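Notes for the one structure printed next.
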Amino acid sequence: MLITLRQRCRLILLLWLICTPLQVLCQQLPLRYYNQSDGLGNLAVSALAQEPGGYLWIGTQNGLFRYDGARFQRFELSHGASGPNSGPNSGPSLSPHITALHVDGGGRLWAGTSEGLYRWQEQRMVPMQFQNTKFSLYERQNFATLGPDRLLVVNQDRLWLVKTADHGQTWQAQEFFDAAQLAHHPEMRTLFSIHVGPQGELWMGCERALCHYHQGKLEVLGKESGLPAESWRAIMHDRQQTLWVRSERHIFVLPAGGHVFQDRSPQQAEQKKANAIPFLMTDAGGRVFSRNDQGVIRWNGKRWESFGEANGLTVGGGINSALVDRDGGVWLGSLGHGLIHWIGYPNWENWTPRQGLPSSVVLSFMRDQEKLLHVGTRSGSAILQKAGYFSVAPATYGGSSYQWGNMAEDAKGNIWAGSLSGFLVHRDSGRGPGADVMVAKLPRIRVLFFDLSGQLWIATEQGIYRIRHPESNPVPVKVTEFPSIENVNVYHGCQSPAGVLWFLTDKGLLRFDGARWRKSRFKPAAQVFQSSILICAHDGTLWLGGELGGIWHAAEQGETLAGSDVTPALMQDQSVVALFEDSRGWLWVATGAGIGVWNRRQWRFFNQDSGLVWNDTNVNAFYEDGDGSMWVATSNGASHILRPDALFAPLQLNVLVESIARDGKILSPDQAVRLPWASSPLNFKLAALSYQSRETLNYRYRMQGLEPDWSKTTVPEVRYAALPAGHYRFQVAADNPAMQAYSPTVEVEVVILPPWWATRTSYAVCGLLLMLLLFCMHRYRVRWLLARQRHKERQARERAYELEASREEERKHLTREIHDELGQHLSALRMGVSVVGLEFGEKNPSLQGKIEGMVTLVDATIKVVRNVVSSLRPSALDMGVVSALEWLTEEFTGHTGVPCSLDVCEENIVLDDQRATTIFRIAQESLTNISRHAQASQVKISLEKIDKHYVLQVRDNGVGFDTALRKKKSLGLIGIRERTSMLGGEVAIFSVPGVGTTIKVSIPIADEALNQ
């Protein structure tokens, strides 16, 4: 049987591929490694877990770490406890080897070490201590959840049940199997793993068999079930209820409802390293993950796929743990290289020269009728084989010397390619790799495409070429029908669904409808002519972009194009490298910093942090494959987006306040913060527990009550220095514009208590002190005024005293002068008159009568003089106050006829002249008032010594008066008061109408009198 030409070409290609050594089997993985520079203090990762809130927990050989997407935080494990199941203040902290992490049915995080069992409680790991056992967990599948409050733990090769009856307040531990069961099945004395199946049954790796326990029945599975005698260290059920079990080297599966296990072990050549920690895990798509010596393996439903060094996965001592997070992302824990994040899993695949590309600079894509993908690069082209690697045929498109920037497929499946150096090549799909034909050498080819009639259009930097009959006469002819089109520099070109051709050139936008050429005008023109990228949309409109930035959407309106700027905010300053509209009508935009996608409702933006192989893209960056997936050409390889719909999956974005701190004191954000005022700053640590496309993540925050506007930051920490006293609400939200994800706003009530000098109590005290100060000032002023008044009064009294003393002295002097001088003269006059009467009276009777009259007149004058002397100063005062008072009472009785008695307690009362005169004058004035107004029938005067005062009392039984109505200008009483005050004494007047009046005067004893 003759071999046809096509079969012969295929055979040659197959023999060439067999002889060519394969470099790798899979794509380049988009991986992100976390190490000490990121805050992960230990690179030997042994366990991974994610709590329901979103935190990633990383157990290492030297401590436990928590990751929130921005930073790692180390948590020490407390050692020792004081309560039945420990407490927050348990004792010193340790950094042990974390052998296992697990989140139970109640969302609680558990950690196991060789030293004990720990539980996350009150923002720290605390030990669980039980009286009946000490937990010691090794690196194996130690945990399984039996219910919300029931946890199974493999402790020292035995199975233990840890449970709570009060929602986690206290815990009890007991062995799951009793002694009889263990005696009947000695295999259960050594357990390597524990797993709870879909029906609540238990699967355990026991000694060198697999044990099954359900509804009280224990069964040991071994060779009769198809399992070799090995230690089964990992057990799992997948989505189809298939049971997977793994030992160090073998993997077996038991389909749902089956009874015999099937061997699904990977190649044993990659399962030889000892001391590995086997694990099994399913990703979000249901594919099973495990480990091998090179890295990790994945079951795709038919075979194992291996990922290792050739895919960019550096594993160090091996991958010992893996985790699928709540968003479907894959995390790997390596022994020596820290935590590894498989970015963009499972939607992104990347390809680089490691996978066979002739160059890292990818320029174009095209899938042929044989379903093989052709990739044009800076160093020739390559074909992605169905086995998952790229191959390069030596003669393909002239070898590795040309930059194949454009490819197009004609109606028969033949590929036409154009290089940046101007070579136009044609490959016959039926003739194989050796059928590359150089068609023409043209100026630099910018774009080539077939129109609806089958003609090939070639846009170059020096004109537009056309091949009317590519099959029969593949000769490019330059288009010259339009003025100035002959040497036009064409940037880009496309064909609309209606068959209209558009070319963006340095002379403007040219339009060809199959009959005539014309230049289209824009509104507004200034903006559009800066564009260098053009594509035709499915609805007949145009998309334009430029290296200076901006995306424009234009539609024909008669002879003009109306354009509108539709550039999203995140692309305002980005240079647009390529535009593409796929079969869904989505717009794809390539820039120098990644790509953007618009699904007519939302934008999404992606770069290396999202899974893209490289941020810098190329001109013909996008290609839509037959299954709807997208290929992206970059300067460092090609990216393949398997499911573009998944790019717009809602991203769960929540923000939380991790902690609040001031002066080294950590406060809980779960309750209102009440702090006294201080000048030190108040720090808020934030977290947005999302691990995809975080490059545009930012935080909006404000302190409501302090600032009305929102502030933005990309740093997950906010600081407020010297926050004033008051009631505030700290509000924060997380935004991810690249993923159009916005978190709800979280609030924390903050109360800053005023400093002691700004409290109400302080204000009240200050007010009271101010009032007290004013009162004291008032009192001081009053006292000063009173003191001044007293001083003036004292001065007045002293002056009055001096005047009174002067008057008394004057009276005394006058008394003496009158008594001595006038009295002597009157006495001498009387004696003279008497002598005259004796000598001449007998002789002259008339003279005698006159002389007697003169004697009588002289006697009367002497009496008047004596009265005047007594009025001025009674002579009795010279004999003491008692004698003066006795004289006064006798005089009062003699003149008024009113009995007046004197009562003196001491017979010899000695007073200085001033006090004696004052007491006498007061008594004299009192008796004068009594004689004038009292109409009394009896008067009593008493003088006694009480303590350090002499008290004078004058009483009468007269008519009395109302003291409240007494005349303020009563001169007698005023005189009594003035005389008393001059000596520092006091006056009291008691009077009752119809009863009488008592005047009581108290005068202090003078020092001289006391000394005497």
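Naming works like this for the structure tokens: A, B, ... for the chains as they're shown, residue 1 at the start of each chain, ligands 1 onward in shown order.
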
Selection near A:Ile535, 6 Å with only C-alpha atoms, sequence-local residues under 2 positions removed, as a PyMOL selection string: chain A and resi 494+542-543

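Among A:Ala515, A:Leu363, A:Leu647, A:Val103, the residue with the shortest atom-to-atom distance to A:Val619, counting only C-alpha atoms, is A:Leu363.
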
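Those residues of stretch 817-967 of chain A that DSSP, working from the backbone, places in strand (DSSP E) are Cys900, Ser901, Leu902, Asp903, Val904, Val939, Lys940, Ile941, Ser942, Leu943, Glu944, Lys945, Ile946, His949, Tyr950, Val951, Leu952, Gln953, Val954, Arg955 and Asp956 of chain A.
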
Nearby residues (only C-alpha atoms) at most 7 Å from stretch 935-948 of chain A, same-chain spacing under 4 positions excluded, as a PyMOL selection string: chain A and resi 898-905+930-931+952-959+1004-1005

For the residues in the current selection, export C-alpha atoms as a CSV table (one decimal), in the first residue's frame.
```csv
chain,number,residue,atom,x,y,z
A,898,VAL,CA,-35.0,108.9,143.0
A,899,PRO,CA,-33.2,106.3,145.2
A,900,CYS,CA,-30.0,105.2,143.6
A,901,SER,CA,-27.9,102.4,145.0
A,902,LEU,CA,-24.3,101.4,144.2
A,903,ASP,CA,-23.1,97.8,144.3
A,904,VAL,CA,-19.3,97.3,144.0
A,905,CYS,CA,-17.9,93.8,144.4
A,930,ILE,CA,-32.8,108.2,133.4
A,931,SER,CA,-33.5,111.6,135.0
A,952,LEU,CA,-20.7,98.4,134.7
A,953,GLN,CA,-24.5,98.0,134.8
A,954,VAL,CA,-27.0,100.7,135.3
A,955,ARG,CA,-30.6,99.5,135.8
A,956,ASP,CA,-33.8,101.4,136.3
A,957,ASN,CA,-37.5,100.5,136.6
A,958,GLY,CA,-38.7,103.3,134.4
A,959,VAL,CA,-40.9,103.3,131.3
A,1004,PRO,CA,-11.1,95.4,129.4
A,1005,ILE,CA,-8.7,95.8,132.2
```

Atom CA of A:Ile999 to atom CA of A:Gly985, straight-line distance in Å: 13.2 Å

Please report, as a short mmCIF file (atom, residue, chain, number, x, y, z; two decimals) with C-alpha atoms, in the first residue's frame, each residue of stretch 511-635 of chain A to which DSSP assigns alpha helix (DSSP H) when run on this structure's backbone.
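Written output follows (part14.cif):
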```
data_model
loop_
_atom_site.label_atom_id
_atom_site.label_comp_id
_atom_site.auth_asym_id
_atom_site.auth_seq_id
_atom_site.Cartn_x
_atom_site.Cartn_y
_atom_site.Cartn_z
CA ALA A 525 -9.81 64.56 16.02
CA ALA A 526 -6.95 65.68 18.24
CA GLN A 527 -7.27 62.79 20.62
CA VAL A 528 -7.80 59.93 18.19
#
```

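For A:Arg303, the set of protein, DNA and RNA residues having any atom at most 9 Å away, when counting only C-alpha atoms and skipping those fewer than 4 positions along the same chain, is Arg264, Pro266, Arg298 and Trp299 of chain A.
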
Preceding selection exported with all heavy atoms as a PDB file, in the first residue's frame:
```pdb
ATOM      1  N   ARG A 264      -3.079   3.071  41.934  1.00  0.00           N
ATOM      2  CA  ARG A 264      -2.961   4.303  41.174  1.00  0.00           C
ATOM      3  C   ARG A 264      -1.650   4.994  41.552  1.00  0.00           C
ATOM      4  O   ARG A 264      -1.558   6.210  41.667  1.00  0.00           O
ATOM      5  CB  ARG A 264      -4.155   5.210  41.442  1.00  0.00           C
ATOM      6  CG  ARG A 264      -4.328   6.296  40.409  1.00  0.00           C
ATOM      7  CD  ARG A 264      -5.703   6.902  40.474  1.00  0.00           C
ATOM      8  NE  ARG A 264      -6.718   6.018  39.904  1.00  0.00           N
ATOM      9  CZ  ARG A 264      -8.022   6.271  39.879  1.00  0.00           C
ATOM     10  NH1 ARG A 264      -8.481   7.395  40.423  1.00  0.00           N
ATOM     11  NH2 ARG A 264      -8.869   5.413  39.345  1.00  0.00           N
ATOM     12  N   PRO A 266       2.039   6.549  41.395  1.00  0.00           N
ATOM     13  CA  PRO A 266       2.874   7.209  40.378  1.00  0.00           C
ATOM     14  C   PRO A 266       4.134   6.410  40.133  1.00  0.00           C
ATOM     15  O   PRO A 266       4.357   5.342  40.727  1.00  0.00           O
ATOM     16  CB  PRO A 266       3.182   8.563  41.026  1.00  0.00           C
ATOM     17  CG  PRO A 266       3.087   8.310  42.488  1.00  0.00           C
ATOM     18  CD  PRO A 266       2.032   7.244  42.673  1.00  0.00           C
ATOM     19  N   ARG A 298      -0.293  15.634  40.324  1.00  0.00           N
ATOM     20  CA  ARG A 298      -1.728  15.927  40.256  1.00  0.00           C
ATOM     21  C   ARG A 298      -2.397  14.926  39.328  1.00  0.00           C
ATOM     22  O   ARG A 298      -1.934  14.698  38.213  1.00  0.00           O
ATOM     23  CB  ARG A 298      -1.955  17.361  39.760  1.00  0.00           C
ATOM     24  CG  ARG A 298      -3.409  17.778  39.716  1.00  0.00           C
ATOM     25  CD  ARG A 298      -3.544  19.215  39.232  1.00  0.00           C
ATOM     26  NE  ARG A 298      -3.109  19.364  37.843  1.00  0.00           N
ATOM     27  CZ  ARG A 298      -3.058  20.536  37.206  1.00  0.00           C
ATOM     28  NH1 ARG A 298      -3.376  21.653  37.861  1.00  0.00           N
ATOM     29  NH2 ARG A 298      -2.660  20.596  35.957  1.00  0.00           N
ATOM     30  N   TRP A 299      -3.480  14.333  39.808  1.00  0.00           N
ATOM     31  CA  TRP A 299      -4.228  13.365  39.001  1.00  0.00           C
ATOM     32  C   TRP A 299      -5.270  14.120  38.186  1.00  0.00           C
ATOM     33  O   TRP A 299      -6.130  14.808  38.730  1.00  0.00           O
ATOM     34  CB  TRP A 299      -4.892  12.336  39.911  1.00  0.00           C
ATOM     35  CG  TRP A 299      -5.686  11.285  39.182  1.00  0.00           C
ATOM     36  CD1 TRP A 299      -7.037  11.200  39.064  1.00  0.00           C
ATOM     37  CD2 TRP A 299      -5.150  10.175  38.471  1.00  0.00           C
ATOM     38  NE1 TRP A 299      -7.388  10.126  38.328  1.00  0.00           N
ATOM     39  CE2 TRP A 299      -6.250   9.452  37.939  1.00  0.00           C
ATOM     40  CE3 TRP A 299      -3.858   9.711  38.220  1.00  0.00           C
ATOM     41  CZ2 TRP A 299      -6.091   8.301  37.193  1.00  0.00           C
ATOM     42  CZ3 TRP A 299      -3.714   8.562  37.468  1.00  0.00           C
ATOM     43  CH2 TRP A 299      -4.809   7.865  36.967  1.00  0.00           C
TER      44      TRP A 299
END
```

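Picture a line from atom CA of A:Phe450 to atom CA of A:Thr480; it runs 19.0 Å.
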
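Between atom CA of A:Glu821 and atom CA of A:Val836 the separation is 22.0 Å.
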
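Ranking A:Ala440, A:Val613, A:Leu109, A:Ala725 by their shortest atom-to-atom distance to A:Leu706, with only C-alpha atoms included, puts A:Ala725 first.
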
Near-A:Lys685 list (12 Å; only C-alpha atoms; drop same-chain fewer than 3 positions) as a PyMOL selection string: chain A and resi 68+70-71+73+655-662+666-669+682+688+699+701+715-720+730+732

Polymer residues at most 8 Å from A:His374, only C-alpha atoms, same-chain spacing of 5 or more positions, as an MDAnalysis selection string: chainID A and resid 365:368 381:384

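Using only C-alpha atoms, the nearest neighbour of A:Thr377 within the list A:Val782, A:Val260, A:Leu323, A:Ala633 is A:Ala633.
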
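Using only C-alpha atoms, the contacts of A:Pro993 at a cut-off of 8 Å, with sequence neighbours closer than 6 positions omitted, comprise Val959, Gly960, Phe961 and Asp962 of chain A.
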
Now that the selection is made, can you save its residues with all heavy atoms as a short mmCIF file (atom, residue, chain, number, x, y, z; two decimals), in the first residue's frame?
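Produced file again_31.cif, reproduced below:
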```cif
data_model
loop_
_atom_site.label_atom_id
_atom_site.label_comp_id
_atom_site.auth_asym_id
_atom_site.auth_seq_id
_atom_site.Cartn_x
_atom_site.Cartn_y
_atom_site.Cartn_z
N VAL A 959 -39.97 103.65 132.38
CA VAL A 959 -40.94 103.30 131.33
C VAL A 959 -40.32 102.41 130.26
O VAL A 959 -41.00 101.71 129.53
CB VAL A 959 -41.52 104.57 130.69
CG1 VAL A 959 -42.29 105.36 131.72
CG2 VAL A 959 -40.39 105.44 130.09
N GLY A 960 -39.01 102.44 130.14
CA GLY A 960 -38.36 101.62 129.12
C GLY A 960 -38.64 102.11 127.70
O GLY A 960 -39.37 103.10 127.49
N PHE A 961 -38.15 101.37 126.72
CA PHE A 961 -38.39 101.73 125.31
C PHE A 961 -38.11 100.51 124.45
O PHE A 961 -37.51 99.52 124.88
CB PHE A 961 -37.53 102.92 124.90
CG PHE A 961 -36.04 102.66 124.96
CD1 PHE A 961 -35.36 102.20 123.83
CD2 PHE A 961 -35.33 102.87 126.14
CE1 PHE A 961 -34.00 101.96 123.90
CE2 PHE A 961 -33.97 102.61 126.20
CZ PHE A 961 -33.30 102.16 125.07
N ASP A 962 -38.56 100.59 123.21
CA ASP A 962 -38.32 99.51 122.23
C ASP A 962 -36.97 99.74 121.58
O ASP A 962 -36.77 100.73 120.87
CB ASP A 962 -39.44 99.50 121.19
CG ASP A 962 -39.35 98.28 120.26
OD1 ASP A 962 -38.36 97.51 120.39
OD2 ASP A 962 -40.25 98.11 119.43
#
```

Among the residues A:Asp670, A:Ser639, A:Leu723, A:Trp598, the one that comes closest to A:Pro754 [using only C-alpha atoms]: A:Leu723
